[in-house]
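Source file: model.tsv (TSV, C-alpha atoms and all ligand atoms)
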chain	number	residue	atom	x	y	z
A	8	SER	CA	82.48	99.39	103.25
A	9	LYS	CA	86.26	99.39	102.74
A	10	SER	CA	87.93	101.58	100.15
A	11	PRO	CA	89.51	99.65	97.26
A	12	ILE	CA	93.15	98.53	97.34
A	13	ARG	CA	95.17	99.15	94.18
A	14	VAL	CA	96.88	95.98	92.97
A	15	THR	CA	99.38	96.04	90.11
A	16	VAL	CA	100.01	92.85	88.15
A	17	THR	CA	102.72	92.80	85.49
A	18	GLY	CA	102.79	90.20	82.75
A	19	ALA	CA	99.00	90.31	82.93
A	20	ALA	CA	98.57	88.62	79.53
A	21	GLY	CA	100.73	85.66	80.50
A	22	GLN	CA	99.75	82.25	81.78
A	23	ILE	CA	100.30	82.98	85.47
A	24	GLY	CA	98.32	86.20	85.04
A	25	TYR	CA	95.45	84.20	83.64
A	26	SER	CA	95.22	82.15	86.84
A	27	LEU	CA	96.03	84.98	89.19
A	28	LEU	CA	93.77	87.86	88.19
A	29	PHE	CA	90.49	86.04	88.70
A	30	ARG	CA	91.45	84.92	92.17
A	31	ILE	CA	92.53	88.42	93.19
A	32	ALA	CA	89.28	89.86	91.83
A	33	SER	CA	87.22	87.27	93.71
A	34	GLY	CA	88.76	88.29	97.04
A	35	GLU	CA	90.98	85.28	97.67
A	36	MET	CA	94.08	87.38	98.14
A	37	LEU	CA	93.03	90.40	100.20
A	38	GLY	CA	89.78	89.18	101.77
A	39	LYS	CA	86.19	88.60	100.80
A	40	ASP	CA	85.20	92.11	101.98
A	41	GLN	CA	88.05	93.99	100.31
A	42	PRO	CA	87.39	95.72	96.96
A	43	VAL	CA	90.33	95.90	94.54
A	44	ILE	CA	91.36	98.00	91.56
A	45	LEU	CA	93.55	96.06	89.12
A	46	GLN	CA	96.34	97.93	87.34
A	47	LEU	CA	97.62	95.66	84.59
A	48	LEU	CA	101.00	96.12	82.95
A	49	ASP	CA	102.20	94.26	79.90
A	50	LEU	CA	104.22	94.97	76.75
A	51	PRO	CA	102.65	96.96	73.88
A	52	GLN	CA	102.24	93.84	71.73
A	53	ALA	CA	100.33	92.11	74.56
A	54	GLN	CA	97.72	94.85	75.08
A	55	LYS	CA	95.16	93.16	72.86
A	56	ALA	CA	95.45	89.97	74.87
A	57	VAL	CA	95.22	91.95	78.13
A	58	ASN	CA	92.00	93.45	76.87
A	59	GLY	CA	90.65	89.95	76.27
A	60	VAL	CA	91.43	89.07	79.88
A	61	ILE	CA	89.67	92.24	81.01
A	62	MET	CA	86.59	91.23	79.00
A	63	GLU	CA	86.56	87.94	80.88
A	64	LEU	CA	87.02	89.72	84.22
A	65	GLU	CA	83.98	91.84	83.34
A	66	ASP	CA	82.05	88.71	82.48
A	67	CYS	CA	82.64	87.33	85.97
A	68	ALA	CA	80.79	90.33	87.46
A	69	PHE	CA	82.98	90.16	90.56
A	70	PRO	CA	81.37	92.29	93.29
A	71	LEU	CA	84.82	93.22	94.69
A	72	LEU	CA	86.30	94.40	91.40
A	73	ALA	CA	86.09	98.17	91.66
A	74	GLY	CA	88.07	98.98	88.51
A	75	VAL	CA	90.63	97.73	85.98
A	76	ILE	CA	93.16	99.58	83.91
A	77	ALA	CA	95.52	98.20	81.27
A	78	THR	CA	98.72	99.93	80.25
A	79	ASP	CA	102.20	99.42	78.82
A	80	ASP	CA	103.55	102.32	80.90
A	81	PRO	CA	105.11	101.41	84.28
A	82	ALA	CA	104.48	104.96	85.58
A	83	VAL	CA	100.75	104.42	85.10
A	84	ALA	CA	100.70	100.81	86.28
A	85	PHE	CA	102.48	101.53	89.56
A	86	LYS	CA	100.73	104.85	90.36
A	87	ASP	CA	99.59	104.74	94.01
A	88	THR	CA	99.75	100.95	93.99
A	89	GLN	CA	99.57	99.22	97.37
A	90	VAL	CA	100.29	95.66	96.28
A	91	ALA	CA	102.50	94.95	93.27
A	92	LEU	CA	102.90	91.48	91.77
A	93	LEU	CA	105.82	91.51	89.36
A	94	VAL	CA	105.13	88.46	87.23
A	95	GLY	CA	106.18	89.55	83.74
A	96	ALA	CA	109.77	88.79	82.84
A	97	ARG	CA	111.91	87.90	79.88
A	98	PRO	CA	111.93	84.10	79.49
A	99	ARG	CA	115.09	82.30	78.48
A	100	GLY	CA	115.15	82.09	74.69
A	101	PRO	CA	117.07	79.65	72.50
A	102	GLY	CA	120.82	80.08	72.82
A	103	MET	CA	120.46	82.52	75.72
A	104	GLU	CA	122.98	82.02	78.49
A	105	ARG	CA	122.07	82.38	82.16
A	106	LYS	CA	124.08	85.59	82.18
A	107	ASP	CA	122.04	87.03	79.26
A	108	LEU	CA	118.82	86.13	81.06
A	109	LEU	CA	120.06	87.95	84.13
A	110	THR	CA	120.98	91.15	82.29
A	111	GLU	CA	117.84	91.21	80.12
A	112	ASN	CA	115.73	90.95	83.26
A	113	ALA	CA	117.88	93.42	85.12
A	114	LYS	CA	116.85	96.02	82.52
A	115	ILE	CA	113.15	95.30	83.12
A	116	PHE	CA	113.45	95.40	86.89
A	117	THR	CA	115.47	98.62	87.03
A	118	VAL	CA	112.71	100.33	85.02
A	119	GLN	CA	109.96	98.88	87.20
A	120	GLY	CA	111.89	99.50	90.42
A	121	ALA	CA	112.29	103.15	89.43
A	122	ALA	CA	108.55	103.46	88.69
A	123	ILE	CA	107.69	101.88	92.04
A	124	GLY	CA	110.19	104.14	93.79
A	125	GLN	CA	108.61	107.24	92.26
A	126	TYR	CA	104.91	106.51	91.96
A	127	ALA	CA	103.79	103.70	94.27
A	128	ASP	CA	102.17	104.09	97.65
A	129	PRO	CA	105.03	104.46	100.21
A	130	ASP	CA	103.84	101.29	102.00
A	131	VAL	CA	103.58	99.22	98.81
A	132	LYS	CA	104.11	95.50	99.25
A	133	VAL	CA	106.04	94.05	96.32
A	134	LEU	CA	106.18	90.38	95.35
A	135	VAL	CA	108.48	89.40	92.50
A	136	VAL	CA	107.51	86.17	90.72
A	137	GLY	CA	109.30	86.68	87.37
A	138	ASN	CA	112.60	84.82	87.25
A	139	PRO	CA	115.32	85.01	88.40
A	140	CYS	CA	112.93	86.28	91.09
A	141	ASN	CA	115.33	86.79	94.02
A	142	THR	CA	117.75	88.85	91.98
A	143	ASN	CA	114.96	90.67	90.12
A	144	ALA	CA	113.52	91.67	93.50
A	145	TYR	CA	116.99	92.78	94.60
A	146	ILE	CA	117.35	94.95	91.48
A	147	ALA	CA	113.91	96.51	91.91
A	148	LYS	CA	114.65	97.22	95.58
A	149	GLU	CA	118.06	98.75	94.91
A	150	THR	CA	116.61	100.96	92.17
A	151	ALA	CA	113.52	102.03	94.12
A	152	LYS	CA	115.69	102.87	97.13
A	153	LYS	CA	117.35	105.73	95.23
A	154	PHE	CA	114.08	107.69	95.42
A	155	GLY	CA	113.82	107.26	99.19
A	156	ARG	CA	110.02	106.92	99.26
A	157	VAL	CA	109.06	103.26	99.54
A	158	LYS	CA	110.05	100.67	102.13
A	159	GLU	CA	113.06	98.58	101.18
A	160	LYS	CA	111.99	95.68	103.34
A	161	ASN	CA	108.75	95.39	101.35
A	162	PHE	CA	110.55	94.01	98.29
A	163	THR	CA	110.06	90.26	98.41
A	164	ALA	CA	110.53	87.26	96.13
A	165	MET	CA	108.38	84.18	95.76
A	166	LEU	CA	109.64	81.04	97.49
A	167	ARG	CA	106.12	80.02	98.43
A	168	LEU	CA	105.67	77.65	95.51
A	169	ASP	CA	108.76	75.76	96.68
A	170	HIS	CA	107.38	75.82	100.23
A	171	ASN	CA	104.03	74.41	99.08
A	172	ARG	CA	105.71	71.79	96.90
A	173	ALA	CA	107.76	70.64	99.89
A	174	LEU	CA	104.69	70.54	102.15
A	175	SER	CA	102.88	68.20	99.77
A	176	GLN	CA	105.85	65.86	99.47
A	177	LEU	CA	106.24	65.73	103.26
A	178	ALA	CA	102.53	65.09	103.79
A	179	ALA	CA	102.54	62.23	101.30
A	180	LYS	CA	105.66	60.64	102.79
A	181	SER	CA	104.59	60.96	106.44
A	182	GLY	CA	100.93	60.08	105.88
A	183	ARG	CA	99.83	63.29	107.61
A	184	THR	CA	97.64	66.03	106.14
A	185	VAL	CA	99.19	69.09	104.56
A	186	ASP	CA	97.38	71.45	106.91
A	187	SER	CA	98.72	69.65	109.99
A	188	LEU	CA	102.34	70.43	109.02
A	189	LYS	CA	104.11	73.33	110.73
A	190	ASN	CA	107.59	74.89	110.83
A	191	LEU	CA	108.87	74.24	107.32
A	192	VAL	CA	111.32	76.67	105.78
A	193	VAL	CA	112.85	76.83	102.30
A	194	TRP	CA	116.15	78.67	102.46
A	195	GLY	CA	117.71	80.69	99.68
A	196	ASN	CA	117.20	81.17	95.99
A	197	HIS	CA	114.13	80.17	93.98
A	198	SER	CA	116.19	77.78	91.85
A	199	PRO	CA	117.22	74.15	92.10
A	200	THR	CA	119.83	75.21	94.70
A	201	MET	CA	117.13	76.06	97.28
A	202	TYR	CA	117.18	74.15	100.57
A	203	ALA	CA	113.84	72.80	101.78
A	204	ASP	CA	114.58	72.23	105.48
A	205	TYR	CA	112.30	69.60	107.08
A	206	ARG	CA	114.21	69.30	110.36
A	207	PHE	CA	111.72	71.24	112.46
A	208	VAL	CA	108.49	70.23	110.77
A	209	THR	CA	105.84	68.90	113.12
A	210	SER	CA	102.40	67.38	112.62
A	211	ASN	CA	100.08	67.49	115.62
A	212	GLY	CA	103.15	67.77	117.84
A	213	ASP	CA	105.07	64.86	116.27
A	214	SER	CA	108.39	65.40	114.50
A	215	VAL	CA	107.86	64.65	110.83
A	216	LYS	CA	111.55	63.88	110.41
A	217	THR	CA	111.20	61.21	113.10
A	218	LEU	CA	108.01	59.88	111.54
A	219	ILE	CA	109.70	59.56	108.14
A	220	ASN	CA	112.92	58.30	109.73
A	221	ASP	CA	114.81	58.19	106.45
A	222	GLU	CA	117.56	60.77	106.04
A	223	THR	CA	118.55	59.16	102.73
A	224	TRP	CA	115.06	59.95	101.43
A	225	ASN	CA	115.57	63.56	102.49
A	226	ARG	CA	118.88	63.94	100.70
A	227	GLU	CA	118.37	61.75	97.65
A	228	THR	CA	114.64	62.04	96.92
A	229	PHE	CA	112.97	64.93	98.71
A	230	LEU	CA	115.51	67.71	98.13
A	231	PRO	CA	116.10	66.96	94.43
A	232	LYS	CA	112.39	66.44	93.83
A	233	VAL	CA	111.41	69.80	95.31
A	234	GLY	CA	114.38	71.49	93.62
A	235	LYS	CA	113.58	70.12	90.17
A	236	ARG	CA	109.80	70.23	90.37
A	237	GLY	CA	109.56	73.17	87.98
A	238	ALA	CA	111.43	71.22	85.30
A	239	ALA	CA	109.26	68.14	85.92
A	240	ILE	CA	106.10	70.22	85.34
A	241	ILE	CA	107.50	71.60	82.08
A	242	GLU	CA	108.38	68.06	80.99
A	243	ALA	CA	104.86	66.79	81.76
A	244	ARG	CA	102.76	69.75	80.66
A	245	GLY	CA	104.85	71.27	77.93
A	246	LEU	CA	104.42	74.57	79.78
A	247	SER	CA	105.81	75.89	83.04
A	248	SER	CA	103.80	75.87	86.27
A	249	ALA	CA	101.13	78.54	86.18
A	250	ALA	CA	98.11	77.71	88.33
A	251	SER	CA	100.31	76.52	91.20
A	252	ALA	CA	102.52	79.60	90.82
A	253	ALA	CA	99.48	81.88	90.91
A	254	ASN	CA	98.22	79.98	93.95
A	255	ALA	CA	101.54	80.50	95.72
A	256	ALA	CA	101.48	84.22	94.93
A	257	ILE	CA	98.00	84.44	96.45
A	258	ASP	CA	99.22	82.56	99.55
A	259	HIS	CA	102.28	84.81	99.90
A	260	VAL	CA	100.38	88.09	99.73
A	261	ARG	CA	97.34	86.87	101.67
A	262	ASP	CA	99.49	85.75	104.59
A	263	TRP	CA	101.54	88.96	104.47
A	264	VAL	CA	98.45	91.18	104.51
A	265	LEU	CA	96.07	89.12	106.64
A	266	GLY	CA	98.54	87.28	108.93
A	267	SER	CA	99.92	83.75	109.25
A	268	LYS	CA	98.41	83.27	112.73
A	269	GLY	CA	101.75	82.39	114.27
A	270	GLU	CA	102.66	79.83	111.60
A	271	TRP	CA	105.94	79.85	109.70
A	272	VAL	CA	105.76	80.64	106.02
A	273	THR	CA	108.65	81.09	103.58
A	274	MET	CA	109.26	84.48	101.98
A	275	GLY	CA	112.26	85.77	100.04
A	276	ILE	CA	113.13	88.96	101.95
A	277	PRO	CA	116.08	91.36	102.12
A	278	SER	CA	118.60	89.92	104.56
A	279	ASP	CA	119.41	91.79	107.77
A	280	GLY	CA	122.65	89.82	108.10
A	281	SER	CA	121.22	86.99	110.20
A	282	TYR	CA	122.17	83.38	109.47
A	283	GLY	CA	125.35	84.65	107.80
A	284	ILE	CA	123.42	85.97	104.78
A	285	PRO	CA	124.96	89.27	103.65
A	286	GLU	CA	122.69	92.24	104.21
A	287	GLY	CA	120.42	93.22	101.35
A	288	ILE	CA	120.41	89.92	99.46
A	289	ILE	CA	116.89	88.60	98.88
A	290	PHE	CA	116.93	85.20	100.56
A	291	GLY	CA	114.22	82.67	101.39
A	292	VAL	CA	113.74	82.44	105.16
A	293	ALA	CA	111.02	81.49	107.62
A	294	VAL	CA	108.79	84.36	108.71
A	295	THR	CA	105.62	84.85	110.67
A	296	THR	CA	103.28	87.65	109.67
A	297	GLU	CA	100.98	89.90	111.65
A	298	ASN	CA	99.31	93.29	111.08
A	299	GLY	CA	100.67	93.53	107.55
A	300	GLU	CA	104.29	92.99	108.58
A	301	TYR	CA	106.52	89.96	108.32
A	302	LYS	CA	108.95	89.00	111.06
A	303	ARG	CA	111.94	86.76	110.38
A	304	VAL	CA	112.04	83.65	112.58
A	305	GLU	CA	115.28	84.02	114.53
A	306	GLY	CA	117.48	81.46	116.20
A	307	ILE	CA	116.86	78.46	113.95
A	308	GLU	CA	119.70	76.02	114.57
A	309	VAL	CA	121.92	75.58	111.52
A	310	ASP	CA	123.73	72.22	111.55
A	311	GLU	CA	126.63	71.26	109.31
A	312	PHE	CA	124.54	69.86	106.45
A	313	SER	CA	122.22	72.88	106.54
A	314	ARG	CA	125.14	75.30	106.58
A	315	GLU	CA	126.53	73.60	103.48
A	316	ARG	CA	123.18	73.81	101.69
A	317	ILE	CA	122.57	77.42	102.74
A	318	ASN	CA	126.04	78.41	101.54
A	319	PHE	CA	125.47	76.64	98.23
A	320	THR	CA	122.29	78.57	97.40
A	321	LEU	CA	123.81	81.78	98.83
A	322	ASN	CA	126.80	81.39	96.52
A	323	GLU	CA	124.51	81.34	93.54
A	324	LEU	CA	122.76	84.51	94.71
A	325	GLU	CA	126.07	86.27	95.29
A	326	GLU	CA	127.10	85.38	91.74
A	327	GLU	CA	123.83	86.74	90.41
A	328	ARG	CA	124.29	89.92	92.41
A	329	ALA	CA	127.83	90.35	91.09
A	330	GLY	CA	126.48	89.78	87.56
A	331	VAL	CA	124.17	92.80	87.78
A	332	ALA	CA	126.35	95.10	89.90
A	333	ASP	CA	127.37	97.25	86.91
A	334	LEU	CA	123.76	97.91	85.97
A	335	LEU	CA	122.98	99.26	89.44
A	336	LYS	CA	125.70	101.89	89.57
A	401	LIG	P1	104.34	84.01	80.18
A	401	LIG	O1	105.44	84.06	79.16
A	401	LIG	O2	103.11	83.22	79.92
A	401	LIG	O3	103.88	85.52	80.49
A	401	LIG	C1	104.77	86.54	80.74
A	401	LIG	C2	104.08	87.85	80.40
A	401	LIG	O4	104.93	88.90	80.81
A	401	LIG	C3	103.80	88.04	78.92
A	401	LIG	O5	102.46	88.47	78.73
A	401	LIG	C4	104.81	89.10	78.52
A	401	LIG	O6	104.32	89.93	77.45
A	401	LIG	C5	104.93	89.88	79.81
A	401	LIG	N1	106.13	90.71	79.92
A	401	LIG	C6	107.38	90.45	79.48
A	401	LIG	N2	108.19	91.48	79.73
A	401	LIG	C7	107.43	92.41	80.36
A	401	LIG	C8	107.70	93.71	80.86
A	401	LIG	N3	108.91	94.26	80.72
A	401	LIG	N4	106.70	94.38	81.45
A	401	LIG	C9	105.48	93.85	81.55
A	401	LIG	N5	105.16	92.63	81.09
A	401	LIG	C10	106.13	91.92	80.50
A	401	LIG	O7	105.05	83.57	81.53
A	401	LIG	P2	104.40	82.95	82.87
A	401	LIG	O8	104.28	81.50	82.72
A	401	LIG	O9	103.20	83.74	83.23
A	401	LIG	O10	105.59	83.20	83.90
A	401	LIG	C11	105.97	84.49	84.29
A	401	LIG	C12	107.25	84.46	85.09
A	401	LIG	O11	107.09	83.72	86.29
A	401	LIG	C13	108.45	83.83	84.36
A	401	LIG	O12	109.59	84.65	84.55
A	401	LIG	C14	108.63	82.52	85.11
A	401	LIG	O13	109.96	82.06	85.03
A	401	LIG	C15	108.23	82.91	86.50
A	401	LIG	N6	107.90	81.83	87.44
A	401	LIG	C16	108.28	81.98	88.72
A	401	LIG	C17	107.96	81.06	89.71
A	401	LIG	C18	108.37	81.26	91.13
A	401	LIG	O14	108.12	80.36	91.94
A	401	LIG	N7	108.99	82.36	91.53
A	401	LIG	C19	107.23	79.81	89.36
A	401	LIG	C20	106.46	79.91	88.08
A	401	LIG	C21	107.17	80.65	86.96
A	401	LIG	O15	108.09	79.81	86.34
Output the file's structure as C-alpha cells, nothing else.
Ligand code: NAX
Amino acid sequence: SKSPIRVTVTGAAGQIGYSLLFRIASGEMLGKDQPVILQLLDLPQAQKAVNGVIMELEDCAFPLLAGVIATDDPAVAFKDTQVALLVGARPRGPGMERKDLLTENAKIFTVQGAAIGQYADPDVKVLVVGNPCNTNAYIAKETAKKFGRVKEKNFTAMLRLDHNRALSQLAAKSGRTVDSLKNLVVWGNHSPTMYADYRFVTSNGDSVKTLINDETWNRETFLPKVGKRGAAIIEARGLSSAASAANAAIDHVRDWVLGSKGEWVTMGIPSDGSYGIPEGIIFGVAVTTENGEYKRVEGIEVDEFSRERINFTLNELEEERAGVADLLK
C-alpha cells in the first residue's frame, strides 16, 4: 500500500475547514487508495474547536486517515508537508479598509511562507484559499523563496471556485451539461475584477458562445454574476461560501496531483511573463495538468475586449503587490 501524504490545512476550525477536512480524509482529493496525515493549523483560541473537528474525523473511521495533528505553531504544521491548503486568514472586520486587510494578511502569510520555506517537503504543492488569495500566495512565495528549498512555481491561488461558478452559468444558459463544457479560463485576481472568458468554450464540439449567441448577456449578465457570486451567497446565506469553496479546493488539488486528462482548468499561478502579465504575479490562467505538474496553456488569442478585462484585473493585482512591497523587503 502507498505511504501516507502529509496534508496541512490552516484555518482548520473555520467553516471551509469543516467541509474540506472530511473530503480529504475520505480520499476525494488525493485518491481512494492514498492514505493521508492531516496537519491542522489554527490560532491558539481555536484549538478547542479544532479538537472537536478531530473528534468528528475519528468518528468517521476513515480507512485512509493515517494520522491527525493539531497545532498553533506553523513550524509544526508545515513540517515535511507535501500538500498545503492555506485557508485561514484574517477576515475584514468593521471599519477595516482594503489596505488594512492586505497588511494584516501579509503578516500571516510571511510567517507561513517562512515556515513552508524552512520545513515543508521541497516539492510541496501550496494552494492559498484565504483572501486576498492571489496576493497572499504571492507573499508566501516571496517569503519562502528566501530559504531556497521549495519550488516557487508550486505556490498557487484558488480561482477554481470562479471557474466552477462560470461553468454552471454557461451550462444553464446553453442548455448543455456542465461536464460537456471544455476550454473555459478565468483570468486574473480572485475578486470581482476577474475575467471569466467563454470565447473558446465548447460542448461536444460546438462553440458555446455561438450556441448562446448573446454577447450582451456575456457582458451584462454573465460576467457580473460570476464576479459578484460571493457577495450574492453572503446575502442569501448570511455566511460566505464554504462548501463550494471546499469543493473547489478539492478540485484544484486533485487535478494538480492526479491530472486534468488534457482538459483546461483555471489555477492562479506565478506568471512567467506570458500574456503581458509581469513575472511573479499570481494570476489566474488556463492550465493542463499531468504527472503532478501544471502547464500553462499558451497562445490563447487575446482580443481587444479581453485585453481590457485582463489589464483591469492585473491593475488590481499590481496595486495589491505595491501595497505589500515594504513588508517583503
Ligand atoms: P472562517 O472565519 O470560518 O475560518 C477561518 C479560520 O482561520 C478560523 O478558524 C481562524 O481562527 C483561522 N485563522 C485565522 N488566522 C489564522 C492564522 N494566522 N493561522 C491559522 N489559522 C488562522 O472563514 P472561512 O469561511 O473558512 O474562509 C476562510 C478564507 O477563505 C477567508 O479568507 C475567505 O475570504 C476565503 N475564501 C476564499 C475563496 C476563494 O475562492 N479563494 C472563496 C471562499 C472564501 O471566501
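Pairwise distance (atom CA of Ser214 of chain A, atom CA of Arg183 of chain A) equals 11.2 Å.
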Return as a short mmCIF file (atom, residue, chain, number, x, y, z; two decimals) with C-alpha atoms, in the coordinates of the input the residues of protein, DNA or RNA that approach ligand LIG 401 (chain A) to within 6 Å, with only C-alpha atoms and all ligand atoms taken into account.
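Resulting contents of pocket-v1.cif:
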data_model
loop_
_atom_site.label_atom_id
_atom_site.label_comp_id
_atom_site.auth_asym_id
_atom_site.auth_seq_id
_atom_site.Cartn_x
_atom_site.Cartn_y
_atom_site.Cartn_z
CA THR A 17 102.72 92.80 85.49
CA GLY A 18 102.79 90.20 82.75
CA ALA A 19 99.00 90.31 82.93
CA ALA A 20 98.57 88.62 79.53
CA GLY A 21 100.73 85.66 80.50
CA GLN A 22 99.75 82.25 81.78
CA ILE A 23 100.30 82.98 85.47
CA GLY A 24 98.32 86.20 85.04
CA LEU A 48 101.00 96.12 82.95
CA ASP A 49 102.20 94.26 79.90
CA LEU A 50 104.22 94.97 76.75
CA ALA A 53 100.33 92.11 74.56
CA VAL A 94 105.13 88.46 87.23
CA GLY A 95 106.18 89.55 83.74
CA ALA A 96 109.77 88.79 82.84
CA ARG A 97 111.91 87.90 79.88
CA PRO A 98 111.93 84.10 79.49
CA ILE A 115 113.15 95.30 83.12
CA VAL A 136 107.51 86.17 90.72
CA GLY A 137 109.30 86.68 87.37
CA ASN A 138 112.60 84.82 87.25
CA CYS A 140 112.93 86.28 91.09
CA MET A 165 108.38 84.18 95.76
CA LEU A 166 109.64 81.04 97.49
CA LEU A 168 105.67 77.65 95.51
CA SER A 247 105.81 75.89 83.04
CA SER A 248 103.80 75.87 86.27
CA ALA A 249 101.13 78.54 86.18
CA ALA A 252 102.52 79.60 90.82
#
Original post:
Can you list, as a PyMOL selection string, every protein, DNA or RNA residue that comes within 8 Å of Phe207 of chain A when you count only C-alpha atoms, leaving out same-chain residues fewer than 5 positions away?
Top reply: chain A and resi 190-191+214-216
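Between Asn322 of chain A and the residues A:Tyr205, A:Phe290, A:Phe69, A:Tyr301, the shortest atom-to-atom distance, using all atoms listed in the file, involves A:Phe290.
Residues within 9 Å of Gln46 of chain A, counting only C-alpha atoms and excluding same-chain residues fewer than 4 positions away, are A:Arg13, A:Val14, A:Thr15, A:Val16, A:Thr17, A:Gly74, A:Val75, A:Ile76, A:Ala77, A:Thr78, A:Val83, A:Ala84, A:Phe85, A:Lys86, A:Thr88.
Minimum atom-to-atom distance to Val131 of chain A, evaluated using all atoms listed in the file, belongs to A:Glu159 out of A:Asp221, A:Glu149, A:Glu159, A:Glu286.
Comparing the minimum interatomic distances between Asp169 of chain A and each of A:Gly120, A:Gly306, A:Gly234, A:Pro11, counting only C-alpha atoms, we find that A:Gly234 sits nearest.
Across A:Met274, A:Ala203, A:Leu109, A:Ala255, the tightest approach to Leu230 of chain A is made by A:Ala203 when counting all atoms listed in the file.
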Padding 8 Å on each side, edges along x, y and z: where is the centre of the box around the listed atoms of segment 220-229 of chain A, and how long are its edges in Å to one decimal? Output it as AutoDock Vina command-line options.
--center_x 115.9 --center_y 61.6 --center_z 103.3 --size_x 22.0 --size_y 22.7 --size_z 28.8
